[in-house]
$ cat structure16.tsv   # TSV, C-alpha atoms
chain	number	residue	atom	x	y	z
A	1	MET	CA	120.40	96.05	85.52
A	2	ARG	CA	117.28	95.76	87.64
A	3	THR	CA	116.68	97.48	90.95
A	4	ASN	CA	115.50	95.28	93.80
A	5	ALA	CA	112.17	97.00	94.46
A	6	THR	CA	111.57	95.06	97.68
A	7	LYS	CA	114.93	96.09	99.11
A	8	ALA	CA	114.22	99.70	98.15
A	9	LYS	CA	110.83	99.57	99.83
A	10	LEU	CA	112.33	98.16	103.03
A	11	ASN	CA	114.99	100.87	103.02
A	12	GLU	CA	112.20	103.44	102.81
A	13	GLY	CA	110.69	102.07	106.02
A	14	GLU	CA	107.74	100.31	104.42
A	15	VAL	CA	106.38	96.78	104.81
A	16	ALA	CA	106.89	94.28	101.97
A	17	LEU	CA	104.31	91.54	101.41
A	18	GLY	CA	105.06	88.39	99.44
A	19	ALA	CA	103.32	85.22	98.29
A	20	ILE	CA	104.90	81.79	98.67
A	21	ILE	CA	104.61	79.78	95.45
A	22	SER	CA	105.76	76.19	95.76
A	23	ARG	CA	105.24	74.86	92.22
A	24	HIS	CA	106.20	75.91	88.71
A	25	ALA	CA	103.46	78.45	88.03
A	26	PRO	CA	104.67	81.55	86.15
A	27	ASP	CA	101.06	82.70	85.77
A	28	LEU	CA	100.69	82.88	89.56
A	29	VAL	CA	103.84	84.99	89.74
A	30	GLU	CA	102.35	87.33	87.16
A	31	LEU	CA	99.03	87.41	89.02
A	32	PHE	CA	100.61	88.50	92.28
A	33	GLY	CA	102.61	91.10	90.39
A	34	ALA	CA	99.41	92.42	88.85
A	35	LEU	CA	97.89	92.52	92.36
A	36	SER	CA	100.80	94.75	93.48
A	37	TYR	CA	102.37	92.30	95.89
A	38	ASP	CA	105.99	93.18	96.50
A	39	PHE	CA	107.70	89.82	96.03
A	40	VAL	CA	107.16	86.15	95.39
A	41	MET	CA	108.97	83.52	97.41
A	42	ILE	CA	109.80	80.73	94.98
A	43	ASP	CA	109.88	77.79	97.38
A	44	CYS	CA	112.55	75.29	96.39
A	45	GLU	CA	113.06	73.91	99.88
A	46	HIS	CA	109.68	72.17	99.95
A	47	GLY	CA	108.65	72.64	96.33
A	48	PRO	CA	109.66	70.38	93.39
A	49	MET	CA	110.96	73.02	90.95
A	50	ASN	CA	114.19	72.60	89.05
A	51	LEU	CA	116.50	75.46	88.13
A	52	ASP	CA	115.16	75.87	84.60
A	53	GLN	CA	111.66	76.27	86.07
A	54	VAL	CA	112.98	78.77	88.60
A	55	GLU	CA	114.41	80.80	85.74
A	56	HIS	CA	111.00	80.91	84.05
A	57	MET	CA	109.42	82.03	87.34
A	58	VAL	CA	112.02	84.81	87.51
A	59	ARG	CA	111.18	85.91	83.96
A	60	ALA	CA	107.50	86.09	84.92
A	61	ALA	CA	108.38	88.20	87.96
A	62	GLU	CA	110.47	90.57	85.88
A	63	SER	CA	107.68	91.05	83.35
A	64	PHE	CA	105.23	92.06	86.10
A	65	ASP	CA	107.63	94.09	88.27
A	66	ILE	CA	107.55	91.84	91.32
A	67	THR	CA	110.75	90.85	93.12
A	68	PRO	CA	111.74	87.18	92.66
A	69	ILE	CA	113.17	85.67	95.85
A	70	ALA	CA	113.94	81.97	96.23
A	71	ARG	CA	113.87	79.80	99.30
A	72	ILE	CA	116.76	77.50	98.52
A	73	PRO	CA	117.14	73.92	99.77
A	74	ASP	CA	120.51	74.13	101.54
A	75	HIS	CA	123.44	76.33	102.57
A	76	SER	CA	126.01	75.27	100.01
A	77	ASP	CA	127.95	77.84	98.00
A	78	ALA	CA	127.08	75.97	94.79
A	79	THR	CA	123.35	76.11	95.50
A	80	ILE	CA	123.48	79.83	96.33
A	81	LEU	CA	125.46	80.54	93.15
A	82	ARG	CA	123.17	78.61	90.84
A	83	PHE	CA	120.01	80.29	92.12
A	84	LEU	CA	121.48	83.78	91.97
A	85	ASP	CA	122.82	83.17	88.49
A	86	ARG	CA	119.21	82.48	87.40
A	87	GLY	CA	118.36	86.05	88.33
A	88	VAL	CA	116.63	85.75	91.69
A	89	GLN	CA	117.13	88.97	93.64
A	90	GLY	CA	117.25	87.38	97.05
A	91	ILE	CA	117.68	84.06	98.81
A	92	LEU	CA	115.94	82.75	101.90
A	93	VAL	CA	118.14	80.13	103.51
A	94	PRO	CA	116.51	77.62	105.89
A	95	HIS	CA	117.77	76.63	109.35
A	96	VAL	CA	120.57	79.16	109.83
A	97	ASN	CA	121.54	78.60	113.45
A	98	THR	CA	124.91	80.29	114.00
A	99	GLY	CA	126.77	83.44	113.11
A	100	GLU	CA	129.32	81.34	111.25
A	101	GLN	CA	126.64	79.85	109.02
A	102	ALA	CA	125.12	83.27	108.35
A	103	ASP	CA	128.52	84.73	107.48
A	104	ALA	CA	129.29	81.90	105.04
A	105	ILE	CA	125.93	82.39	103.33
A	106	ALA	CA	126.35	86.16	103.05
A	107	ARG	CA	129.81	85.77	101.57
A	108	ALA	CA	128.66	83.12	99.09
A	109	ALA	CA	125.92	85.50	97.87
A	110	ARG	CA	128.19	88.45	97.11
A	111	TYR	CA	131.25	89.11	95.01
A	112	TYR	CA	134.66	90.35	96.14
A	113	PRO	CA	135.38	92.39	98.21
A	114	GLU	CA	132.18	91.58	100.15
A	115	GLY	CA	132.24	87.88	99.48
A	116	ASN	CA	133.48	85.02	97.35
A	117	ARG	CA	130.67	84.40	94.85
A	118	SER	CA	132.02	82.99	91.63
A	119	VAL	CA	131.89	85.41	88.69
A	120	GLY	CA	129.81	84.31	85.73
A	121	GLY	CA	127.91	85.87	82.87
A	122	GLY	CA	124.37	85.06	81.90
A	123	ARG	CA	121.04	86.63	82.61
A	124	ALA	CA	121.87	87.80	86.13
A	125	HIS	CA	124.34	90.22	84.48
A	126	ASP	CA	122.33	91.12	81.37
A	127	TYR	CA	124.62	88.77	79.46
A	128	GLY	CA	127.39	91.33	79.76
A	129	ILE	CA	125.66	93.66	77.27
A	130	GLY	CA	125.75	97.37	77.96
A	131	VAL	CA	127.34	97.03	81.38
A	132	SER	CA	130.92	96.51	82.52
A	133	ARG	CA	131.81	93.57	84.74
A	134	ASP	CA	132.83	95.86	87.60
A	135	GLU	CA	129.58	97.81	87.39
A	136	SER	CA	127.55	94.60	87.23
A	137	ILE	CA	129.32	93.16	90.28
A	138	ARG	CA	128.78	96.33	92.31
A	139	HIS	CA	125.11	96.35	91.33
A	140	ALA	CA	124.61	92.69	92.26
A	141	ASN	CA	126.27	93.18	95.65
A	142	ALA	CA	124.06	96.18	96.40
A	143	GLU	CA	120.75	94.71	95.20
A	144	THR	CA	120.85	91.11	96.45
A	145	LEU	CA	118.85	90.31	99.58
A	146	VAL	CA	120.40	87.73	101.92
A	147	ILE	CA	117.77	86.29	104.25
A	148	PRO	CA	118.71	83.64	106.83
A	149	MET	CA	115.72	81.91	108.39
A	150	ILE	CA	115.41	81.81	112.16
A	151	GLU	CA	113.39	78.65	112.70
A	152	ASP	CA	115.14	76.70	115.45
A	153	THR	CA	115.53	77.37	119.16
A	154	VAL	CA	119.32	77.24	118.75
A	155	ALA	CA	119.08	80.13	116.27
A	156	VAL	CA	117.09	82.12	118.82
A	157	GLU	CA	119.81	81.39	121.40
A	158	ASN	CA	122.49	82.54	118.92
A	159	LEU	CA	120.54	85.53	117.64
A	160	ASP	CA	123.09	88.13	118.78
A	161	ASP	CA	125.87	86.38	116.83
A	162	ILE	CA	123.70	86.16	113.71
A	163	LEU	CA	122.69	89.81	114.00
A	164	ALA	CA	126.36	90.82	114.07
A	165	VAL	CA	127.01	89.39	110.59
A	166	GLN	CA	127.70	91.94	107.86
A	167	GLY	CA	125.91	91.22	104.61
A	168	VAL	CA	122.72	89.84	106.15
A	169	ASP	CA	119.72	91.97	105.25
A	170	ILE	CA	116.70	90.26	106.80
A	171	LEU	CA	116.24	87.61	109.48
A	172	HIS	CA	113.05	85.72	108.70
A	173	VAL	CA	111.32	84.09	111.67
A	174	ALA	CA	109.16	81.14	110.62
A	175	SER	CA	106.62	79.67	113.01
A	176	GLY	CA	106.27	76.15	111.61
A	177	ASP	CA	109.74	74.72	112.19
A	178	LEU	CA	110.32	77.02	115.15
A	179	GLY	CA	107.32	75.46	116.86
A	180	GLN	CA	108.59	71.99	116.02
A	181	SER	CA	112.00	72.76	117.51
A	182	MET	CA	110.18	73.93	120.67
A	183	GLY	CA	108.44	70.56	120.95
A	184	ASN	CA	105.20	71.63	119.23
A	185	PRO	CA	103.68	73.67	122.06
A	186	VAL	CA	100.42	75.59	121.73
A	187	GLN	CA	100.57	78.21	119.01
A	188	SER	CA	100.36	81.05	121.50
A	189	GLU	CA	103.73	80.00	122.93
A	190	VAL	CA	105.34	80.06	119.48
A	191	ARG	CA	103.86	83.51	118.88
A	192	ARG	CA	105.24	84.66	122.23
A	193	VAL	CA	108.77	83.71	121.16
A	194	MET	CA	108.31	85.34	117.76
A	195	SER	CA	107.02	88.47	119.48
A	196	GLU	CA	110.25	88.65	121.46
A	197	VAL	CA	112.56	87.86	118.55
A	198	ILE	CA	111.12	90.28	115.96
A	199	PRO	CA	111.77	93.49	117.97
A	200	LYS	CA	115.23	92.20	118.87
A	201	ILE	CA	116.04	91.76	115.17
A	202	ARG	CA	114.97	95.31	114.40
A	203	ALA	CA	116.91	96.65	117.39
A	204	GLY	CA	119.95	94.80	116.02
A	205	GLY	CA	119.80	96.77	112.77
A	206	LYS	CA	118.30	94.14	110.47
A	207	PHE	CA	114.94	93.90	108.77
A	208	ALA	CA	112.61	91.32	110.34
A	209	GLY	CA	110.53	88.76	108.50
A	210	ALA	CA	107.50	86.87	109.75
A	211	GLY	CA	106.50	83.60	108.13
A	212	GLY	CA	104.13	80.71	108.72
A	213	ASN	CA	101.17	83.08	108.74
A	214	SER	CA	97.57	82.04	108.19
A	215	PRO	CA	95.91	84.24	105.55
A	216	SER	CA	92.80	84.37	107.73
A	217	ASP	CA	94.75	85.73	110.71
A	218	THR	CA	95.08	89.33	109.56
A	219	ALA	CA	95.02	90.58	113.16
A	220	GLY	CA	97.94	88.32	114.07
A	221	ILE	CA	99.93	89.46	111.03
A	222	ALA	CA	99.22	93.09	111.91
A	223	GLU	CA	100.46	92.41	115.44
A	224	PHE	CA	103.80	91.17	114.09
A	225	ILE	CA	104.04	94.22	111.81
A	226	ASN	CA	103.38	96.50	114.76
A	227	LEU	CA	106.22	94.75	116.59
A	228	GLY	CA	108.58	95.53	113.70
A	229	ALA	CA	108.15	92.80	111.10
A	230	ASN	CA	108.42	94.37	107.67
A	231	PHE	CA	108.95	91.34	105.39
A	232	VAL	CA	105.82	89.18	105.52
A	233	THR	CA	105.21	85.95	103.64
A	234	ILE	CA	101.88	84.25	103.03
A	235	SER	CA	101.03	81.04	101.19
A	236	ALA	CA	99.55	81.47	97.73
A	237	HIS	CA	97.66	78.20	98.24
A	238	GLY	CA	96.33	79.54	101.54
A	239	LEU	CA	95.11	82.69	99.84
A	240	LEU	CA	93.49	80.60	97.10
A	241	ARG	CA	91.74	78.44	99.70
A	242	LEU	CA	90.56	81.50	101.63
A	243	GLY	CA	89.15	83.13	98.51
A	244	ALA	CA	87.50	79.90	97.35
A	245	GLU	CA	85.87	79.34	100.74
A	246	ALA	CA	84.66	82.95	100.92
A	247	PHE	CA	83.18	82.74	97.42
A	248	ARG	CA	81.32	79.52	98.17
A	249	SER	CA	79.94	80.98	101.40
A	250	ARG	CA	78.75	84.13	99.64
A	251	VAL	CA	77.00	82.09	96.95
A	252	GLN	CA	75.27	79.93	99.55
A	253	GLU	CA	74.18	83.02	101.48
A	254	ALA	CA	72.75	84.54	98.29
A	255	LEU	CA	70.54	81.54	97.48

$ encode --input "structure16.tsv" --output "structure tokens"
Amino acid sequence: MRTNATKAKLNEGEVALGAIISRHAPDLVELFGALSYDFVMIDCEHGPMNLDQVEHMVRAAESFDITPIARIPDHSDATILRFLDRGVQGILVPHVNTGEQADAIARAARYYPEGNRSVGGGRAHDYGIGVSRDESIRHANAETLVIPMIEDTVAVENLDDILAVQGVDILHVASGDLGQSMGNPVQSEVRRVMSEVIPKIRAGGKFAGAGGNSPSDTAGIAEFINLGANFVTISAHGLLRLGAEAFRSRVQEAL
């Protein structure tokens, strides 16, 4: 059974950095593993991947020692089960706006006595080889990361209720949809809200995520980290664009 290296790093008080990959690209997963990123966020909310493709992305992550975490498309128990059974070690769940929603998600992601996840075999449990069912269940409950996304103003209003939910590990604050729910104000206003929410999450005993970051805004990302964010996501496409632009500029300067 595999240890969730990202969860272990967070428990040690360190910051975990992950790349968002929105298409079936196992080689990109391997690349970010080789670059010593902590996790990949396999984006199945906006991305087109099916579950078989997700499983191949997970295999790539396992081969390069990078934590596979999926952003799933909805809150349903069946969706949570099917992603976890593929071997992802965490789920990001979009638009979690109440404590009741967060509690239902946490319970769907874990087995009895912590939840009501349906028991199955398969790769998430090493196919039942060399490990007892009870041991496998305890391991899965301990290693799975449950990550509700705080990306609506109603979630900010209900933050205390969400923070009170047992079984939630990280609350991930995402600027894109949060800004939209605020009526698309200037970006500084969205950052102001995030800067208030992130310390409150940490004070409430949860890890805090920061999403919607521009790869060119390293100072802004560092500011969120200094406020307590310790689970940071960045777009793989954004990083590719940044590197491509920098390379072209350097070539032009060298001519």

$ closest_residue --input "structure16.tsv" --among "A:Ser118, A:Asn11, A:Asn50, A:Thr98" --to "Leu81 (chain A)" --atoms "all atoms listed in the file"
A:Ser118

$ closest_residue --input "structure16.tsv" --among "A:Leu35, A:Cys44, A:Val186, A:Ile170" --to "Ile21 (chain A)" --atoms "all atoms listed in the file"
A:Cys44

$ atom_distance --input "structure16.tsv" --atom1 "CA of Val193 (chain A)" --atom2 "CA of Asp217 (chain A)"
17.6 Å

$ atom_distance --input "structure16.tsv" --atom1 "CA of Asn158 (chain A)" --atom2 "CA of Tyr112 (chain A)"
27.0 Å

$ closest_residue --input "structure16.tsv" --among "A:Ala70, A:Ala174, A:Ile137, A:Leu28" --to "Met149 (chain A)" --atoms "only C-alpha atoms"
A:Ala174

$ decode --input "structure16.tsv" --residues "region 86-231 of chain A" --atoms "C-alpha atoms" --output "PDB file, in the first residue's frame"
ATOM      1  CA  ARG A  86      -8.841   4.007  -9.736  1.00  0.00           C
ATOM      2  CA  GLY A  87      -6.150   4.760  -7.184  1.00  0.00           C
ATOM      3  CA  VAL A  88      -6.180   8.535  -6.874  1.00  0.00           C
ATOM      4  CA  GLN A  89      -4.944   9.519  -3.419  1.00  0.00           C
ATOM      5  CA  GLY A  90      -7.111  12.571  -3.059  1.00  0.00           C
ATOM      6  CA  ILE A  91     -10.151  14.295  -4.496  1.00  0.00           C
ATOM      7  CA  LEU A  92     -10.780  17.987  -5.053  1.00  0.00           C
ATOM      8  CA  VAL A  93     -14.511  18.595  -5.108  1.00  0.00           C
ATOM      9  CA  PRO A  94     -15.793  21.780  -6.779  1.00  0.00           C
ATOM     10  CA  HIS A  95     -18.349  24.215  -5.353  1.00  0.00           C
ATOM     11  CA  VAL A  96     -18.703  22.880  -1.814  1.00  0.00           C
ATOM     12  CA  ASN A  97     -20.819  25.539  -0.150  1.00  0.00           C
ATOM     13  CA  THR A  98     -22.136  24.080   3.108  1.00  0.00           C
ATOM     14  CA  GLY A  99     -21.033  21.965   6.014  1.00  0.00           C
ATOM     15  CA  GLU A 100     -23.617  19.365   5.039  1.00  0.00           C
ATOM     16  CA  GLN A 101     -22.120  19.024   1.568  1.00  0.00           C
ATOM     17  CA  ALA A 102     -18.600  18.768   2.969  1.00  0.00           C
ATOM     18  CA  ASP A 103     -19.672  16.108   5.468  1.00  0.00           C
ATOM     19  CA  ALA A 104     -21.361  14.016   2.767  1.00  0.00           C
ATOM     20  CA  ILE A 105     -18.236  14.192   0.601  1.00  0.00           C
ATOM     21  CA  ALA A 106     -15.911  13.238   3.462  1.00  0.00           C
ATOM     22  CA  ARG A 107     -18.091  10.280   4.374  1.00  0.00           C
ATOM     23  CA  ALA A 108     -18.329   9.099   0.764  1.00  0.00           C
ATOM     24  CA  ALA A 109     -14.513   9.137   0.522  1.00  0.00           C
ATOM     25  CA  ARG A 110     -13.853   6.945   3.564  1.00  0.00           C
ATOM     26  CA  TYR A 111     -14.865   3.516   4.768  1.00  0.00           C
ATOM     27  CA  TYR A 112     -16.692   2.583   7.962  1.00  0.00           C
ATOM     28  CA  PRO A 113     -16.429   3.715  10.720  1.00  0.00           C
ATOM     29  CA  GLU A 114     -15.377   7.102   9.270  1.00  0.00           C
ATOM     30  CA  GLY A 115     -17.702   6.986   6.310  1.00  0.00           C
ATOM     31  CA  ASN A 116     -19.820   4.923   3.966  1.00  0.00           C
ATOM     32  CA  ARG A 117     -17.574   4.298   0.949  1.00  0.00           C
ATOM     33  CA  SER A 118     -18.475   1.058  -0.754  1.00  0.00           C
ATOM     34  CA  VAL A 119     -15.886  -1.696  -0.318  1.00  0.00           C
ATOM     35  CA  GLY A 120     -14.314  -3.022  -3.495  1.00  0.00           C
ATOM     36  CA  GLY A 121     -11.127  -4.702  -4.593  1.00  0.00           C
ATOM     37  CA  GLY A 122      -8.973  -3.637  -7.475  1.00  0.00           C
ATOM     38  CA  ARG A 123      -5.869  -1.547  -7.795  1.00  0.00           C
ATOM     39  CA  ALA A 124      -6.702   0.870  -4.982  1.00  0.00           C
ATOM     40  CA  HIS A 125      -6.273  -2.101  -2.614  1.00  0.00           C
ATOM     41  CA  ASP A 126      -3.372  -3.851  -4.363  1.00  0.00           C
ATOM     42  CA  TYR A 127      -5.928  -6.329  -5.688  1.00  0.00           C
ATOM     43  CA  GLY A 128      -6.185  -7.824  -2.209  1.00  0.00           C
ATOM     44  CA  ILE A 129      -2.710  -9.374  -2.497  1.00  0.00           C
ATOM     45  CA  GLY A 130      -0.489  -9.327   0.563  1.00  0.00           C
ATOM     46  CA  VAL A 131      -2.824  -7.173   2.625  1.00  0.00           C
ATOM     47  CA  SER A 132      -5.944  -7.940   4.635  1.00  0.00           C
ATOM     48  CA  ARG A 133      -9.183  -6.111   3.911  1.00  0.00           C
ATOM     49  CA  ASP A 134      -9.202  -4.490   7.349  1.00  0.00           C
ATOM     50  CA  GLU A 135      -5.626  -3.294   6.959  1.00  0.00           C
ATOM     51  CA  SER A 136      -6.346  -1.975   3.469  1.00  0.00           C
ATOM     52  CA  ILE A 137      -9.421  -0.076   4.667  1.00  0.00           C
ATOM     53  CA  ARG A 138      -7.545   1.508   7.567  1.00  0.00           C
ATOM     54  CA  HIS A 139      -4.745   2.525   5.216  1.00  0.00           C
ATOM     55  CA  ALA A 140      -7.124   4.061   2.675  1.00  0.00           C
ATOM     56  CA  ASN A 141      -8.940   6.044   5.369  1.00  0.00           C
ATOM     57  CA  ALA A 142      -5.659   7.397   6.706  1.00  0.00           C
ATOM     58  CA  GLU A 143      -4.033   8.244   3.366  1.00  0.00           C
ATOM     59  CA  THR A 144      -6.887   9.741   1.320  1.00  0.00           C
ATOM     60  CA  LEU A 145      -7.000  13.527   1.018  1.00  0.00           C
ATOM     61  CA  VAL A 146     -10.474  15.084   0.965  1.00  0.00           C
ATOM     62  CA  ILE A 147     -10.354  18.589  -0.481  1.00  0.00           C
ATOM     63  CA  PRO A 148     -13.537  20.664  -0.809  1.00  0.00           C
ATOM     64  CA  MET A 149     -13.131  23.734  -2.995  1.00  0.00           C
ATOM     65  CA  ILE A 150     -14.116  27.120  -1.620  1.00  0.00           C
ATOM     66  CA  GLU A 151     -15.023  29.018  -4.762  1.00  0.00           C
ATOM     67  CA  ASP A 152     -18.341  30.742  -4.076  1.00  0.00           C
ATOM     68  CA  THR A 153     -19.271  33.611  -1.789  1.00  0.00           C
ATOM     69  CA  VAL A 154     -21.810  31.369  -0.051  1.00  0.00           C
ATOM     70  CA  ALA A 155     -18.964  28.988   0.866  1.00  0.00           C
ATOM     71  CA  VAL A 156     -17.045  31.903   2.371  1.00  0.00           C
ATOM     72  CA  GLU A 157     -20.153  32.817   4.384  1.00  0.00           C
ATOM     73  CA  ASN A 158     -20.466  29.200   5.582  1.00  0.00           C
ATOM     74  CA  LEU A 159     -16.756  28.695   6.183  1.00  0.00           C
ATOM     75  CA  ASP A 160     -17.091  28.034   9.926  1.00  0.00           C
ATOM     76  CA  ASP A 161     -19.565  25.195   9.280  1.00  0.00           C
ATOM     77  CA  ILE A 162     -17.302  23.665   6.631  1.00  0.00           C
ATOM     78  CA  LEU A 163     -14.257  23.940   8.886  1.00  0.00           C
ATOM     79  CA  ALA A 164     -16.096  22.007  11.600  1.00  0.00           C
ATOM     80  CA  VAL A 165     -16.460  18.898   9.407  1.00  0.00           C
ATOM     81  CA  GLN A 166     -14.397  15.885  10.466  1.00  0.00           C
ATOM     82  CA  GLY A 167     -12.688  14.118   7.594  1.00  0.00           C
ATOM     83  CA  VAL A 168     -11.916  17.231   5.553  1.00  0.00           C
ATOM     84  CA  ASP A 169      -8.171  17.695   5.133  1.00  0.00           C
ATOM     85  CA  ILE A 170      -7.729  20.775   2.940  1.00  0.00           C
ATOM     86  CA  LEU A 171      -9.990  23.642   1.916  1.00  0.00           C
ATOM     87  CA  HIS A 172      -8.862  24.847  -1.492  1.00  0.00           C
ATOM     88  CA  VAL A 173      -9.660  28.470  -2.326  1.00  0.00           C
ATOM     89  CA  ALA A 174      -9.852  29.061  -6.078  1.00  0.00           C
ATOM     90  CA  SER A 175      -9.823  32.575  -7.476  1.00  0.00           C
ATOM     91  CA  GLY A 176     -11.527  32.029 -10.832  1.00  0.00           C
ATOM     92  CA  ASP A 177     -15.018  30.964  -9.794  1.00  0.00           C
ATOM     93  CA  LEU A 178     -14.756  32.886  -6.533  1.00  0.00           C
ATOM     94  CA  GLY A 179     -14.279  36.067  -8.530  1.00  0.00           C
ATOM     95  CA  GLN A 180     -17.206  35.166 -10.752  1.00  0.00           C
ATOM     96  CA  SER A 181     -19.459  34.606  -7.734  1.00  0.00           C
ATOM     97  CA  MET A 182     -18.381  38.064  -6.494  1.00  0.00           C
ATOM     98  CA  GLY A 183     -19.542  39.631  -9.756  1.00  0.00           C
ATOM     99  CA  ASN A 184     -16.108  39.665 -11.432  1.00  0.00           C
ATOM    100  CA  PRO A 185     -14.554  42.581  -9.532  1.00  0.00           C
ATOM    101  CA  VAL A 186     -10.957  43.692 -10.006  1.00  0.00           C
ATOM    102  CA  GLN A 187      -8.489  40.951  -9.179  1.00  0.00           C
ATOM    103  CA  SER A 188      -7.192  42.796  -6.143  1.00  0.00           C
ATOM    104  CA  GLU A 189     -10.609  42.448  -4.505  1.00  0.00           C
ATOM    105  CA  VAL A 190     -10.636  38.691  -5.090  1.00  0.00           C
ATOM    106  CA  ARG A 191      -7.134  38.466  -3.616  1.00  0.00           C
ATOM    107  CA  ARG A 192      -8.308  40.472  -0.605  1.00  0.00           C
ATOM    108  CA  VAL A 193     -11.028  37.893   0.114  1.00  0.00           C
ATOM    109  CA  MET A 194      -8.604  35.011  -0.392  1.00  0.00           C
ATOM    110  CA  SER A 195      -6.145  36.715   1.945  1.00  0.00           C
ATOM    111  CA  GLU A 196      -8.814  36.743   4.638  1.00  0.00           C
ATOM    112  CA  VAL A 197     -10.042  33.201   4.034  1.00  0.00           C
ATOM    113  CA  ILE A 198      -6.665  31.404   3.930  1.00  0.00           C
ATOM    114  CA  PRO A 199      -5.563  32.359   7.484  1.00  0.00           C
ATOM    115  CA  LYS A 200      -9.045  31.544   8.766  1.00  0.00           C
ATOM    116  CA  ILE A 201      -8.785  28.046   7.284  1.00  0.00           C
ATOM    117  CA  ARG A 202      -5.449  27.452   8.978  1.00  0.00           C
ATOM    118  CA  ALA A 203      -6.763  28.836  12.276  1.00  0.00           C
ATOM    119  CA  GLY A 204      -9.662  26.379  11.950  1.00  0.00           C
ATOM    120  CA  GLY A 205      -7.270  23.427  11.907  1.00  0.00           C
ATOM    121  CA  LYS A 206      -7.319  22.573   8.200  1.00  0.00           C
ATOM    122  CA  PHE A 207      -4.689  22.860   5.520  1.00  0.00           C
ATOM    123  CA  ALA A 208      -5.299  25.716   3.069  1.00  0.00           C
ATOM    124  CA  GLY A 209      -5.048  25.544  -0.695  1.00  0.00           C
ATOM    125  CA  ALA A 210      -4.629  28.401  -3.151  1.00  0.00           C
ATOM    126  CA  GLY A 211      -5.655  27.962  -6.768  1.00  0.00           C
ATOM    127  CA  GLY A 212      -6.153  30.046  -9.885  1.00  0.00           C
ATOM    128  CA  ASN A 213      -2.558  31.251  -9.706  1.00  0.00           C
ATOM    129  CA  SER A 214      -0.645  32.740 -12.610  1.00  0.00           C
ATOM    130  CA  PRO A 215       2.745  31.034 -13.019  1.00  0.00           C
ATOM    131  CA  SER A 216       4.289  34.449 -13.643  1.00  0.00           C
ATOM    132  CA  ASP A 217       2.988  35.821 -10.328  1.00  0.00           C
ATOM    133  CA  THR A 218       5.514  34.199  -8.024  1.00  0.00           C
ATOM    134  CA  ALA A 219       5.312  37.124  -5.596  1.00  0.00           C
ATOM    135  CA  GLY A 220       1.545  36.727  -5.299  1.00  0.00           C
ATOM    136  CA  ILE A 221       1.871  32.979  -4.723  1.00  0.00           C
ATOM    137  CA  ALA A 222       4.522  33.604  -2.067  1.00  0.00           C
ATOM    138  CA  GLU A 223       2.160  36.069  -0.393  1.00  0.00           C
ATOM    139  CA  PHE A 224      -0.534  33.392  -0.100  1.00  0.00           C
ATOM    140  CA  ILE A 225       2.025  30.926   1.268  1.00  0.00           C
ATOM    141  CA  ASN A 226       3.120  33.468   3.859  1.00  0.00           C
ATOM    142  CA  LEU A 227      -0.531  33.823   4.874  1.00  0.00           C
ATOM    143  CA  GLY A 228      -0.750  30.065   5.456  1.00  0.00           C
ATOM    144  CA  ALA A 229      -1.507  28.433   2.106  1.00  0.00           C
ATOM    145  CA  ASN A 230       0.392  25.165   1.927  1.00  0.00           C
ATOM    146  CA  PHE A 231      -1.313  23.359  -0.981  1.00  0.00           C
TER     147      PHE A 231
END
